[in-house]
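J.: Here you go, this is run26.txt (compact mmCIF, C-alpha atoms and all ligand atoms).
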# COMPACT_ATOMS: atom_id res chain seq x y z
CA MET S 1 40.04 182.04 126.76
CA GLY S 2 38.55 181.46 130.19
CA LYS S 3 40.38 179.22 132.60
CA LYS S 4 38.80 175.83 133.14
CA LYS S 5 39.45 174.86 136.73
CA ASP S 6 38.56 171.18 136.54
CA ARG S 7 41.13 170.14 134.00
CA LYS S 8 44.83 170.28 133.41
CA THR S 9 45.86 172.89 130.86
CA LEU S 10 49.29 173.80 129.57
CA GLU S 11 48.91 177.01 131.51
CA ASN S 12 48.61 175.48 134.97
CA VAL S 13 51.33 172.87 134.85
CA SER S 14 53.88 173.22 137.62
CA GLU S 15 57.68 173.23 137.23
CA SER S 16 57.75 169.56 138.23
CA GLU S 17 55.41 168.72 135.35
CA MET S 18 57.59 170.39 132.74
CA PRO S 19 59.24 167.13 131.73
CA ALA S 20 55.75 165.75 131.00
CA ILE S 21 55.13 168.44 128.37
CA GLN S 22 58.56 167.87 126.96
CA ALA S 23 57.77 164.16 126.80
CA ILE S 24 54.50 164.84 124.94
CA LEU S 25 56.32 166.97 122.37
CA GLN S 26 58.86 164.18 121.99
CA GLU S 27 56.04 161.68 121.54
CA LEU S 28 54.41 163.83 118.84
CA TYR S 29 57.75 164.25 117.13
CA LEU S 30 58.29 160.49 116.99
CA LYS S 31 54.69 159.86 115.95
CA TYR S 32 54.77 162.21 112.96
CA GLN S 33 58.41 162.12 111.86
CA PRO S 34 57.76 159.03 109.66
CA LEU S 35 54.91 160.78 107.77
CA SER S 36 55.87 161.00 104.12
CA GLU S 37 52.85 162.92 102.81
CA GLY S 38 53.14 166.38 101.31
CA LYS S 39 55.40 168.16 98.85
CA LEU S 40 57.95 170.93 99.17
CA ALA S 41 56.89 174.31 97.78
CA SER S 42 58.64 174.68 94.45
CA TYR S 43 57.03 177.74 92.87
CA ILE S 44 59.74 179.70 94.68
CA PRO S 45 62.70 177.63 93.41
CA GLU S 46 64.88 178.19 96.50
CA LEU S 47 62.24 176.66 98.79
CA ALA S 48 62.50 173.35 96.93
CA LYS S 49 66.00 172.97 98.43
CA ALA S 50 64.57 172.38 101.92
CA ASN S 51 65.08 169.04 103.63
CA PRO S 52 61.69 167.29 103.87
CA ASP S 53 62.83 165.59 107.09
CA TRP S 54 63.28 168.86 108.98
CA PHE S 55 60.76 168.80 111.80
CA GLY S 56 60.64 171.02 114.87
CA ILE S 57 58.00 171.73 117.49
CA CYS S 58 58.21 174.50 120.07
CA ILE S 59 55.85 175.85 122.72
CA ALA S 60 56.48 179.16 124.50
CA THR S 61 54.28 180.10 127.45
CA VAL S 62 53.28 183.63 128.44
CA ASP S 63 55.53 183.33 131.48
CA GLY S 64 58.54 182.63 129.27
CA GLN S 65 58.92 178.84 129.55
CA ILE S 66 60.08 177.12 126.37
CA TYR S 67 59.60 173.47 125.38
CA GLU S 68 61.12 172.30 122.12
CA VAL S 69 61.97 169.17 120.17
CA GLY S 70 63.54 168.28 116.84
CA ASN S 71 64.96 170.89 114.47
CA SER S 72 63.66 173.85 116.42
CA ASP S 73 66.81 175.87 115.71
CA GLN S 74 66.84 175.24 111.94
CA LEU S 75 66.58 178.58 110.13
CA PHE S 76 64.04 179.01 107.33
CA THR S 77 62.18 181.91 105.73
CA ILE S 78 59.05 183.04 107.55
CA GLN S 79 56.97 183.41 104.34
CA SER S 80 53.28 184.09 104.91
CA ILE S 81 53.52 183.97 108.69
CA SER S 82 55.04 187.45 108.29
CA LYS S 83 51.61 188.71 107.15
CA VAL S 84 50.30 188.54 110.71
CA PHE S 85 52.99 190.81 112.11
CA VAL S 86 53.01 193.30 109.24
CA TYR S 87 49.23 193.56 109.62
CA GLY S 88 49.79 194.50 113.28
CA MET S 89 52.28 197.14 112.18
CA ALA S 90 49.83 198.59 109.63
CA LEU S 91 47.08 198.69 112.28
CA GLU S 92 49.36 200.67 114.56
CA GLU S 93 50.31 203.08 111.76
CA HIS S 94 46.88 203.65 110.20
CA GLY S 95 44.25 202.52 112.69
CA ARG S 96 41.48 199.98 112.24
CA GLU S 97 39.00 202.02 110.17
CA ALA S 98 41.49 203.45 107.67
CA LEU S 99 43.07 200.04 107.14
CA LEU S 100 39.64 198.48 106.56
CA THR S 101 39.10 200.75 103.56
CA LYS S 102 42.16 199.17 101.90
CA VAL S 103 42.06 195.56 103.12
CA GLY S 104 38.98 193.62 104.24
CA VAL S 105 38.61 190.93 106.90
CA GLU S 106 36.54 188.37 104.99
CA PRO S 107 37.76 184.78 104.51
CA THR S 108 37.96 183.80 100.85
CA GLY S 109 37.77 180.01 100.72
CA ASP S 110 40.19 180.38 97.80
CA PRO S 111 43.89 179.52 97.54
CA PHE S 112 46.28 182.04 99.11
CA ASP S 113 47.47 183.35 95.74
CA SER S 114 44.07 183.61 94.07
CA ILE S 115 43.36 186.73 92.04
CA ILE S 116 39.70 185.94 91.26
CA ARG S 117 37.89 187.82 94.04
CA LEU S 118 40.00 190.89 93.61
CA ASP S 119 38.65 191.37 90.12
CA ASP S 120 35.16 189.95 90.59
CA TYR S 121 33.91 191.53 93.79
CA SER S 122 35.01 194.42 95.95
CA LYS S 123 38.24 195.47 94.16
CA ARG S 124 39.58 195.55 97.71
CA PRO S 125 41.61 192.53 98.80
CA GLU S 126 39.46 190.30 100.98
CA ASN S 127 41.81 189.94 103.96
CA PRO S 128 45.44 190.56 104.98
CA MET S 129 46.36 186.86 105.20
CA VAL S 130 46.07 186.13 101.46
CA ASN S 131 48.74 187.44 99.09
CA ALA S 132 46.70 190.30 97.60
CA GLY S 133 45.75 191.63 101.04
CA ALA S 134 49.26 191.21 102.37
CA ILE S 135 50.80 193.12 99.44
CA ALA S 136 48.28 195.94 99.99
CA THR S 137 49.06 195.93 103.73
CA THR S 138 52.80 196.05 103.12
CA SER S 139 52.39 198.90 100.63
CA LEU S 140 51.00 200.99 103.51
CA ILE S 141 54.11 200.66 105.73
CA LYS S 142 55.54 204.14 106.18
CA GLY S 143 59.14 205.28 105.69
CA ASN S 144 61.16 207.83 103.72
CA ASN S 145 62.67 205.29 101.35
CA PRO S 146 62.86 201.50 100.78
CA THR S 147 65.81 201.08 103.19
CA ASP S 148 63.95 202.92 105.93
CA ARG S 149 60.88 200.80 105.44
CA LEU S 150 62.86 197.56 105.46
CA ASN S 151 64.71 198.56 108.63
CA TYR S 152 61.46 199.55 110.25
CA LEU S 153 60.00 196.18 109.38
CA LEU S 154 63.05 194.25 110.63
CA ASP S 155 62.89 196.25 113.83
CA MET S 156 59.28 195.24 114.31
CA PHE S 157 60.26 191.55 113.92
CA ARG S 158 63.14 192.09 116.37
CA HIS S 159 60.68 193.13 119.06
CA TYR S 160 58.77 189.87 118.59
CA THR S 161 61.84 187.58 118.63
CA GLY S 162 64.13 189.51 120.98
CA HIS S 163 67.11 189.50 118.58
CA ASP S 164 68.32 191.05 115.31
CA MET S 165 66.65 189.75 112.17
CA PHE S 166 68.09 189.06 108.72
CA ILE S 167 66.87 188.28 105.24
CA ASP S 168 67.77 185.21 103.22
CA MET S 169 68.96 186.93 100.04
CA SER S 170 68.75 183.86 97.81
CA VAL S 171 65.10 183.27 98.73
CA PHE S 172 64.34 186.96 98.29
CA VAL S 173 65.92 187.01 94.81
CA SER S 174 64.27 183.72 93.89
CA GLU S 175 60.87 185.06 94.88
CA ARG S 176 61.44 188.45 93.30
CA THR S 177 62.37 186.98 89.93
CA THR S 178 59.57 184.42 89.81
CA GLY S 179 56.70 186.23 91.58
CA HIS S 180 54.75 187.11 88.45
CA ARG S 181 51.40 186.27 90.00
CA ASN S 182 52.05 188.61 92.90
CA ARG S 183 53.12 191.30 90.42
CA ALA S 184 49.87 190.82 88.49
CA MET S 185 47.87 191.26 91.70
CA ALA S 186 49.79 194.39 92.64
CA HIS S 187 49.14 195.93 89.22
CA LEU S 188 45.45 195.06 89.43
CA MET S 189 45.26 196.70 92.86
CA ARG S 190 47.02 199.74 91.45
CA HIS S 191 44.40 199.82 88.69
CA PHE S 192 41.66 199.82 91.36
CA GLY S 193 43.44 202.51 93.39
CA MET S 194 44.06 200.17 96.32
CA ILE S 195 47.83 200.71 96.28
CA ASP S 196 49.86 203.69 95.09
CA GLU S 197 52.18 203.94 92.09
CA LYS S 198 55.24 202.58 93.93
CA ILE S 199 54.31 199.03 92.96
CA ASP S 200 57.85 197.68 92.73
CA ASP S 201 58.79 199.11 96.13
CA ALA S 202 55.73 197.48 97.71
CA LEU S 203 56.50 194.14 96.06
CA ASP S 204 60.17 194.26 97.07
CA LEU S 205 59.22 194.91 100.67
CA TYR S 206 56.65 192.11 100.54
CA PHE S 207 59.22 189.66 99.10
CA GLN S 208 61.69 190.82 101.76
CA GLN S 209 59.26 190.31 104.63
CA CYS S 210 58.59 186.77 103.35
CA SER S 211 62.36 186.12 103.28
CA VAL S 212 63.02 187.05 106.91
CA MET S 213 64.83 184.16 108.57
CA VAL S 214 63.39 182.56 111.69
CA ASN S 215 63.52 179.22 113.44
CA CYS S 216 60.77 177.34 115.21
CA HIS S 217 61.86 178.71 118.58
CA ASP S 218 61.53 182.30 117.25
CA LEU S 219 58.06 181.57 115.88
CA ALA S 220 56.90 180.16 119.22
CA VAL S 221 58.09 183.29 121.03
CA MET S 222 56.39 185.48 118.39
CA ALA S 223 53.18 183.49 118.85
CA ALA S 224 53.50 183.73 122.65
CA THR S 225 53.90 187.51 122.28
CA LEU S 226 50.48 187.61 120.61
CA ALA S 227 49.12 185.30 123.33
CA ASN S 228 50.60 187.68 125.91
CA ARG S 229 48.66 190.70 124.58
CA GLY S 230 51.62 192.04 122.61
CA VAL S 231 54.42 191.76 125.19
CA ASN S 232 57.31 189.42 124.40
CA PRO S 233 57.34 187.03 127.38
CA CYS S 234 61.12 186.50 127.13
CA THR S 235 62.22 190.15 126.96
CA GLY S 236 59.27 191.78 128.76
CA LYS S 237 59.14 194.38 125.96
CA ARG S 238 56.05 195.32 123.98
CA ALA S 239 56.01 194.36 120.28
CA VAL S 240 52.52 195.55 119.34
CA ALA S 241 49.80 197.63 121.00
CA ALA S 242 47.46 195.49 123.12
CA CYS S 243 44.36 197.05 121.54
CA TYR S 244 45.17 195.45 118.16
CA ILE S 245 45.60 191.89 119.43
CA ARG S 246 41.86 191.37 119.01
CA ASP S 247 42.03 192.40 115.33
CA ILE S 248 45.10 190.30 114.59
CA LEU S 249 43.79 187.14 116.25
CA SER S 250 40.36 187.52 114.62
CA VAL S 251 41.76 187.52 111.09
CA MET S 252 44.13 184.70 111.98
CA TYR S 253 41.20 182.66 113.25
CA THR S 254 39.01 183.20 110.19
CA CYS S 255 41.61 183.53 107.41
CA GLY S 256 45.02 182.31 108.64
CA MET S 257 44.87 178.82 107.14
CA TYR S 258 43.44 179.92 103.77
CA ASN S 259 40.97 177.46 102.22
CA PHE S 260 41.50 175.16 105.20
CA ALA S 261 40.46 177.87 107.68
CA GLY S 262 36.99 176.42 108.36
CA GLU S 263 38.18 172.89 109.02
CA TRP S 264 41.07 174.21 111.11
CA ALA S 265 38.69 176.33 113.22
CA TYR S 266 36.45 173.29 113.69
CA LYS S 267 39.15 170.81 114.61
CA VAL S 268 41.93 172.87 116.21
CA GLY S 269 39.98 175.97 117.21
CA LEU S 270 42.86 178.42 117.57
CA PRO S 271 43.99 181.57 115.71
CA ALA S 272 46.81 180.42 113.45
CA LYS S 273 48.93 181.18 110.40
CA SER S 274 50.89 179.03 108.01
CA GLY S 275 53.64 179.71 105.49
CA VAL S 276 54.85 177.86 102.40
CA SER S 277 58.28 177.16 103.90
CA GLY S 278 56.50 174.80 106.33
CA GLY S 279 55.88 176.86 109.45
CA ILE S 280 52.63 177.10 111.39
CA ILE S 281 51.96 179.21 114.46
CA ALA S 282 48.91 178.88 116.71
CA ILE S 283 47.95 181.10 119.59
CA VAL S 284 46.26 180.10 122.84
CA PRO S 285 45.30 183.57 124.14
CA ASN S 286 46.68 184.37 127.58
CA GLN S 287 48.44 181.00 127.72
CA LEU S 288 50.98 180.18 125.04
CA GLY S 289 52.23 180.13 121.48
CA ILE S 290 52.76 176.97 119.45
CA ALA S 291 55.12 176.71 116.47
CA VAL S 292 55.71 173.74 114.20
CA PHE S 293 58.15 173.60 111.31
CA SER S 294 58.09 170.86 108.69
CA PRO S 295 58.47 171.77 104.98
CA PRO S 296 56.25 169.19 103.18
CA LEU S 297 52.91 170.87 102.39
CA ASP S 298 49.42 169.68 101.57
CA SER S 299 47.50 170.87 98.50
CA ARG S 300 46.46 174.10 100.28
CA GLY S 301 50.02 175.09 101.17
CA ASN S 302 49.87 174.12 104.85
CA SER S 303 52.50 171.94 106.57
CA VAL S 304 51.24 168.34 106.79
CA ARG S 305 53.07 167.51 110.03
CA GLY S 306 52.26 170.97 111.38
CA ILE S 307 48.53 170.37 111.07
CA LYS S 308 48.78 166.93 112.68
CA VAL S 309 50.77 168.21 115.65
CA CYS S 310 48.38 171.13 116.25
CA GLU S 311 45.34 168.85 116.02
CA ASP S 312 46.88 166.49 118.58
CA LEU S 313 47.93 169.27 120.95
CA SER S 314 44.49 170.89 120.76
CA ARG S 315 42.74 167.58 121.51
CA ARG S 316 45.14 166.52 124.20
CA PHE S 317 45.12 169.76 126.18
CA GLU S 318 41.58 170.87 125.20
CA LEU S 319 42.94 174.06 123.69
CA HIS S 320 40.01 174.62 121.28
CA MET S 321 38.55 178.09 121.92
CA PHE S 322 35.10 176.58 122.33
CA ASP S 323 35.96 173.39 124.18
CA SER S 324 33.44 172.44 126.81
CA PRO S 325 34.47 170.63 130.00
CA THR S 326 31.36 168.44 129.62
CA ALA S 327 32.04 165.01 128.09
CA CYS S 328 30.28 164.12 124.83
CA GLU S 329 27.28 161.80 125.08
CA HIS S 330 28.00 160.00 121.85
CA PRO S 331 30.36 157.09 122.56
CA SER S 332 32.42 157.64 119.42
CA ASP S 333 33.09 161.25 120.40
CA ARG S 334 34.17 160.59 123.99
CA LEU S 335 37.77 159.66 123.37
CA SER S 336 38.23 161.91 120.39
CA PRO S 337 36.16 165.07 120.73
CA HIS S 338 36.90 166.13 117.16
CA PRO S 339 36.61 164.06 114.01
CA GLN S 340 39.90 162.69 112.73
CA HIS S 341 38.95 163.39 109.17
CA LEU S 342 36.36 165.48 107.38
CA ASP S 343 35.47 164.98 103.78
CA THR S 344 36.56 167.97 101.78
O1 LIG N 401 53.65 185.39 98.11
C1 LIG N 401 54.21 184.31 98.17
O2 LIG N 401 54.08 183.51 97.29
C2 LIG N 401 55.06 183.90 99.37
N1 LIG N 401 56.10 184.78 99.60
C3 LIG N 401 54.27 183.71 100.59
C4 LIG N 401 53.26 182.68 100.40
C5 LIG N 401 52.94 181.86 101.59
O3 LIG N 401 53.71 181.57 102.46
C6 LIG N 401 51.58 181.33 101.53
N2 LIG N 401 51.37 180.40 102.60
N3 LIG N 401 50.99 179.33 102.70
Show me the file's structure as structure tokens.
T.:
Amino acid sequence: MGKKKDRKTLENVSESEMPAIQAILQELYLKYQPLSEGKLASYIPELAKANPDWFGICIATVDGQIYEVGNSDQLFTIQSISKVFVYGMALEEHGREALLTKVGVEPTGDPFDSIIRLDDYSKRPENPMVNAGAIATTSLIKGNNPTDRLNYLLDMFRHYTGHDMFIDMSVFVSERTTGHRNRAMAHLMRHFGMIDEKIDDALDLYFQQCSVMVNCHDLAVMAATLANRGVNPCTGKRAVAACYIRDILSVMYTCGMYNFAGEWAYKVGLPAKSGVSGGIIAIVPNQLGIAVFSPPLDSRGNSVRGIKVCEDLSRRFELHMFDSPTACEHPSDRLSPHPQHLDT
């Protein structure tokens, strides 16, 4: 994203203005904490044990500054946000063209766990952000045995967060014993030759990657690593090759919010990814990573408070990828450049 000289962005705030950003996060926290919309994910029974009041917001900049409010150190399972990082790993291992033969890059407009397109159209999962595509992506992670592959994956996450990573075993087991829909997709993909015969290994690794524990602070640093062209801004170490940032951010932009991706792109205008435990990350390339954690979800599986906070931050700091410094002519669009609500 090009720098816009005539306005204040989160990137060009000085040290003395830091408390102002902190104050804005605090304001957003207080504004949205009372929201009671949304439901906890319950199709993975362990996730239904979350506290609906948990709410954290964290911003990490590419020069390593961190701003956080609320429950930003509350641990939870990363769920679908993991798909972004495993996709990066698969790109590094197989390259863009080979990976494209197994997983597409087309948004579906369908729910994240839909099986319809897989059977109806290409036989190849549409993109790596929906479950089918993520399972296919995970099945491609190399290693001599399941332990190797899991350690390799945890190591990849460690580079993004800067510390050792662990799995929440109860969520993993809960997901493993109830994930019949994911199993059905994996078998269908096996039928189409999109994954190999080690279906249970691929599913176990997929359930494990979804059960990796993070907090909101970790997610912001992971997002900032993507914003920083693959280098963790807190450790200075590379987590993913710079040449694949373009690929990762493109699929996040078009597919990261599932059947809300179009409205998200229109209103927030940033590459993003959500997960059913209530996390959302958004990336402002070359500037910062945003993470919000709040478990109650809307009907598409996206965090209700997370969407509100990102919409506000995007409007307030003009973070939309296609924001123009020119004011809108229409009076009703001057104060609020993006509609508050779209009919869906
Ligand atoms: O495959 C599943 O059901 C979960 N482990 C991940 C789903 C998820 O987070 C979808 N995101 N909104």
J.: What do you get as number ranges by chain if you pick all residues at most 10 Å from ligand LIG 401 (chain N), counting only C-alpha atoms and all ligand atoms?
T.: S: 41, 43-44, 77-83, 111-113, 129-132, 134-135, 171-172, 175-176, 178-183, 203, 206-211, 256-258, 273-280, 297-298, 300-303
J.: Since we have the selection now, will you write its residues out, keeping C-alpha atoms, as a CSV table (one decimal), in the frame of the given file?
T.:
chain,number,residue,atom,x,y,z
S,41,ALA,CA,56.9,174.3,97.8
S,43,TYR,CA,57.0,177.7,92.9
S,44,ILE,CA,59.7,179.7,94.7
S,77,THR,CA,62.2,181.9,105.7
S,78,ILE,CA,59.0,183.0,107.6
S,79,GLN,CA,57.0,183.4,104.3
S,80,SER,CA,53.3,184.1,104.9
S,81,ILE,CA,53.5,184.0,108.7
S,82,SER,CA,55.0,187.4,108.3
S,83,LYS,CA,51.6,188.7,107.2
S,111,PRO,CA,43.9,179.5,97.5
S,112,PHE,CA,46.3,182.0,99.1
S,113,ASP,CA,47.5,183.4,95.7
S,129,MET,CA,46.4,186.9,105.2
S,130,VAL,CA,46.1,186.1,101.5
S,131,ASN,CA,48.7,187.4,99.1
S,132,ALA,CA,46.7,190.3,97.6
S,134,ALA,CA,49.3,191.2,102.4
S,135,ILE,CA,50.8,193.1,99.4
S,171,VAL,CA,65.1,183.3,98.7
S,172,PHE,CA,64.3,187.0,98.3
S,175,GLU,CA,60.9,185.1,94.9
S,176,ARG,CA,61.4,188.4,93.3
S,178,THR,CA,59.6,184.4,89.8
S,179,GLY,CA,56.7,186.2,91.6
S,180,HIS,CA,54.8,187.1,88.4
S,181,ARG,CA,51.4,186.3,90.0
S,182,ASN,CA,52.0,188.6,92.9
S,183,ARG,CA,53.1,191.3,90.4
S,203,LEU,CA,56.5,194.1,96.1
S,206,TYR,CA,56.6,192.1,100.5
S,207,PHE,CA,59.2,189.7,99.1
S,208,GLN,CA,61.7,190.8,101.8
S,209,GLN,CA,59.3,190.3,104.6
S,210,CYS,CA,58.6,186.8,103.4
S,211,SER,CA,62.4,186.1,103.3
S,256,GLY,CA,45.0,182.3,108.6
S,257,MET,CA,44.9,178.8,107.1
S,258,TYR,CA,43.4,179.9,103.8
S,273,LYS,CA,48.9,181.2,110.4
S,274,SER,CA,50.9,179.0,108.0
S,275,GLY,CA,53.6,179.7,105.5
S,276,VAL,CA,54.8,177.9,102.4
S,277,SER,CA,58.3,177.2,103.9
S,278,GLY,CA,56.5,174.8,106.3
S,279,GLY,CA,55.9,176.9,109.4
S,280,ILE,CA,52.6,177.1,111.4
S,297,LEU,CA,52.9,170.9,102.4
S,298,ASP,CA,49.4,169.7,101.6
S,300,ARG,CA,46.5,174.1,100.3
S,301,GLY,CA,50.0,175.1,101.2
S,302,ASN,CA,49.9,174.1,104.8
S,303,SER,CA,52.5,171.9,106.6
J.: S:Ser72, S:Thr101, S:Gln26, S:Ser170: which is nearest Thr137 (chain S), counting all atoms listed in the file?
T.: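 For Thr137 (chain S), the nearest of the candidates is S:Thr101.
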J.: So how many Å separate CA of Phe293 (chain S) and CA of Gly56 (chain S), to one decimal?
T.: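 Rounded to one decimal, the two atoms are 5.1 Å apart.
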J.: What is the CA of Asp73 (chain S) to CA of Asn215 (chain S) distance in Å?
T.: 5.2 Å
J.: Rank nothing, just name the residue among S:Val69, S:Ala202, S:Val173, S:Phe166 nearest to Leu140 (chain S), using only C-alpha atoms.
T.: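 Using only C-alpha atoms, Leu140 (chain S) sits closest to S:Ala202.
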J.: Work out how far CA of Leu188 (chain S) is from CA of Asp201 (chain S), in Å to one decimal.
T.: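 Value for the CA of Asp201 (chain S)-CA of Leu188 (chain S) distance: 15.5 Å.
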J.: Looking at S:Met185, S:Val221, S:Leu288, S:Ile283, which one is nearest to Arg117 (chain S), with distances taken over only C-alpha atoms?
T.: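 Going through S:Met185, S:Val221, S:Leu288, S:Ile283 one by one, the smallest distance to Arg117 (chain S) is for S:Met185.
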J.: Dump as a ChimeraX atom specification all residues having an atom at most 8 Å from (42.7, 177.3, 122.2), computed in the file's coordinates with all atoms listed in the file.
T.: /S:1,268-271,283-285,314,318-322
J.: May I ask which of the residues S:Val214, S:Ile141, S:Ala282, S:Ile21 is the closest one to Leu99 (chain S), counting all atoms listed in the file?
T.: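 Looking at the shortest contact to Leu99 (chain S), the residue is S:Ile141.
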J.: For Phe157 (chain S), which residue among S:Ile199, S:Ala239, S:Val231, S:Ala220 is the nearest when counting only C-alpha atoms?
T.: S:Ala239
J.: Which residues are close to Asn127 (chain S), i.e. within 6 Å by all atoms listed in the file, leaving aside same-chain residues fewer than 3 positions away? Reply as an NGL selection string.
T.: :S and (103-106 or 133)
J.: Could you tell me which of S:Pro52, S:Glu263, S:Val292, S:Asp204 comes closest to Thr147 (chain S) if we count all atoms listed in the file?
T.: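 Closest to Thr147 (chain S), using all atoms listed in the file: S:Asp204.
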J.: Would you fill the gaps in region 17-37 of chain S so it has N, CA and C atoms, then print it as a PDB file, keeping the file's coordinate frame?
T.:
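See selection-v2.pdb below for the written result:
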ATOM      1  N   GLU S  17      56.078 169.400 136.461  1.00  0.00           N
ATOM      2  CA  GLU S  17      55.410 168.720 135.350  1.00  0.00           C
ATOM      3  C   GLU S  17      56.021 169.063 133.997  1.00  0.00           C
ATOM      4  N   MET S  18      56.979 169.981 134.009  1.00  0.00           N
ATOM      5  CA  MET S  18      57.590 170.390 132.740  1.00  0.00           C
ATOM      6  C   MET S  18      58.083 169.209 131.917  1.00  0.00           C
ATOM      7  N   PRO S  19      58.763 168.254 132.550  1.00  0.00           N
ATOM      8  CA  PRO S  19      59.240 167.130 131.730  1.00  0.00           C
ATOM      9  C   PRO S  19      58.103 166.405 131.034  1.00  0.00           C
ATOM     10  N   ALA S  20      56.893 166.439 131.617  1.00  0.00           N
ATOM     11  CA  ALA S  20      55.750 165.750 131.000  1.00  0.00           C
ATOM     12  C   ALA S  20      55.416 166.422 129.665  1.00  0.00           C
ATOM     13  N   ILE S  21      55.419 167.737 129.627  1.00  0.00           N
ATOM     14  CA  ILE S  21      55.130 168.440 128.370  1.00  0.00           C
ATOM     15  C   ILE S  21      56.228 168.146 127.354  1.00  0.00           C
ATOM     16  N   GLN S  22      57.439 168.184 127.838  1.00  0.00           N
ATOM     17  CA  GLN S  22      58.560 167.870 126.960  1.00  0.00           C
ATOM     18  C   GLN S  22      58.389 166.459 126.381  1.00  0.00           C
ATOM     19  N   ALA S  23      57.950 165.548 127.238  1.00  0.00           N
ATOM     20  CA  ALA S  23      57.770 164.160 126.800  1.00  0.00           C
ATOM     21  C   ALA S  23      56.659 164.061 125.755  1.00  0.00           C
ATOM     22  N   ILE S  24      55.606 164.868 125.920  1.00  0.00           N
ATOM     23  CA  ILE S  24      54.500 164.840 124.940  1.00  0.00           C
ATOM     24  C   ILE S  24      54.989 165.375 123.591  1.00  0.00           C
ATOM     25  N   LEU S  25      55.782 166.439 123.635  1.00  0.00           N
ATOM     26  CA  LEU S  25      56.320 166.970 122.370  1.00  0.00           C
ATOM     27  C   LEU S  25      57.204 165.915 121.691  1.00  0.00           C
ATOM     28  N   GLN S  26      57.992 165.238 122.514  1.00  0.00           N
ATOM     29  CA  GLN S  26      58.860 164.180 121.990  1.00  0.00           C
ATOM     30  C   GLN S  26      58.008 163.068 121.351  1.00  0.00           C
ATOM     31  N   GLU S  27      56.940 162.735 122.032  1.00  0.00           N
ATOM     32  CA  GLU S  27      56.040 161.680 121.540  1.00  0.00           C
ATOM     33  C   GLU S  27      55.439 162.090 120.179  1.00  0.00           C
ATOM     34  N   LEU S  28      54.998 163.353 120.097  1.00  0.00           N
ATOM     35  CA  LEU S  28      54.410 163.830 118.840  1.00  0.00           C
ATOM     36  C   LEU S  28      55.454 163.851 117.727  1.00  0.00           C
ATOM     37  N   TYR S  29      56.661 164.230 118.115  1.00  0.00           N
ATOM     38  CA  TYR S  29      57.750 164.250 117.130  1.00  0.00           C
ATOM     39  C   TYR S  29      57.968 162.849 116.564  1.00  0.00           C
ATOM     40  N   LEU S  30      58.047 161.865 117.444  1.00  0.00           N
ATOM     41  CA  LEU S  30      58.290 160.490 116.990  1.00  0.00           C
ATOM     42  C   LEU S  30      57.103 159.932 116.212  1.00  0.00           C
ATOM     43  N   LYS S  31      55.904 160.352 116.625  1.00  0.00           N
ATOM     44  CA  LYS S  31      54.690 159.860 115.950  1.00  0.00           C
ATOM     45  C   LYS S  31      54.621 160.355 114.502  1.00  0.00           C
ATOM     46  N   TYR S  32      54.974 161.627 114.288  1.00  0.00           N
ATOM     47  CA  TYR S  32      54.770 162.210 112.960  1.00  0.00           C
ATOM     48  C   TYR S  32      56.031 162.311 112.097  1.00  0.00           C
ATOM     49  N   GLN S  33      57.180 162.070 112.671  1.00  0.00           N
ATOM     50  CA  GLN S  33      58.410 162.120 111.860  1.00  0.00           C
ATOM     51  C   GLN S  33      58.339 161.166 110.652  1.00  0.00           C
ATOM     52  N   PRO S  34      57.780 159.954 110.822  1.00  0.00           N
ATOM     53  CA  PRO S  34      57.760 159.030 109.660  1.00  0.00           C
ATOM     54  C   PRO S  34      56.769 159.428 108.564  1.00  0.00           C
ATOM     55  N   LEU S  35      55.886 160.388 108.803  1.00  0.00           N
ATOM     56  CA  LEU S  35      54.910 160.780 107.770  1.00  0.00           C
ATOM     57  C   LEU S  35      55.619 161.182 106.487  1.00  0.00           C
ATOM     58  N   SER S  36      55.170 160.632 105.372  1.00  0.00           N
ATOM     59  CA  SER S  36      55.870 161.000 104.120  1.00  0.00           C
ATOM     60  C   SER S  36      54.957 161.771 103.176  1.00  0.00           C
ATOM     61  N   GLU S  37      53.771 162.152 103.672  1.00  0.00           N
ATOM     62  CA  GLU S  37      52.850 162.920 102.810  1.00  0.00           C
ATOM     63  C   GLU S  37      53.355 164.344 102.604  1.00  0.00           C
TER      64      GLU S  37
END
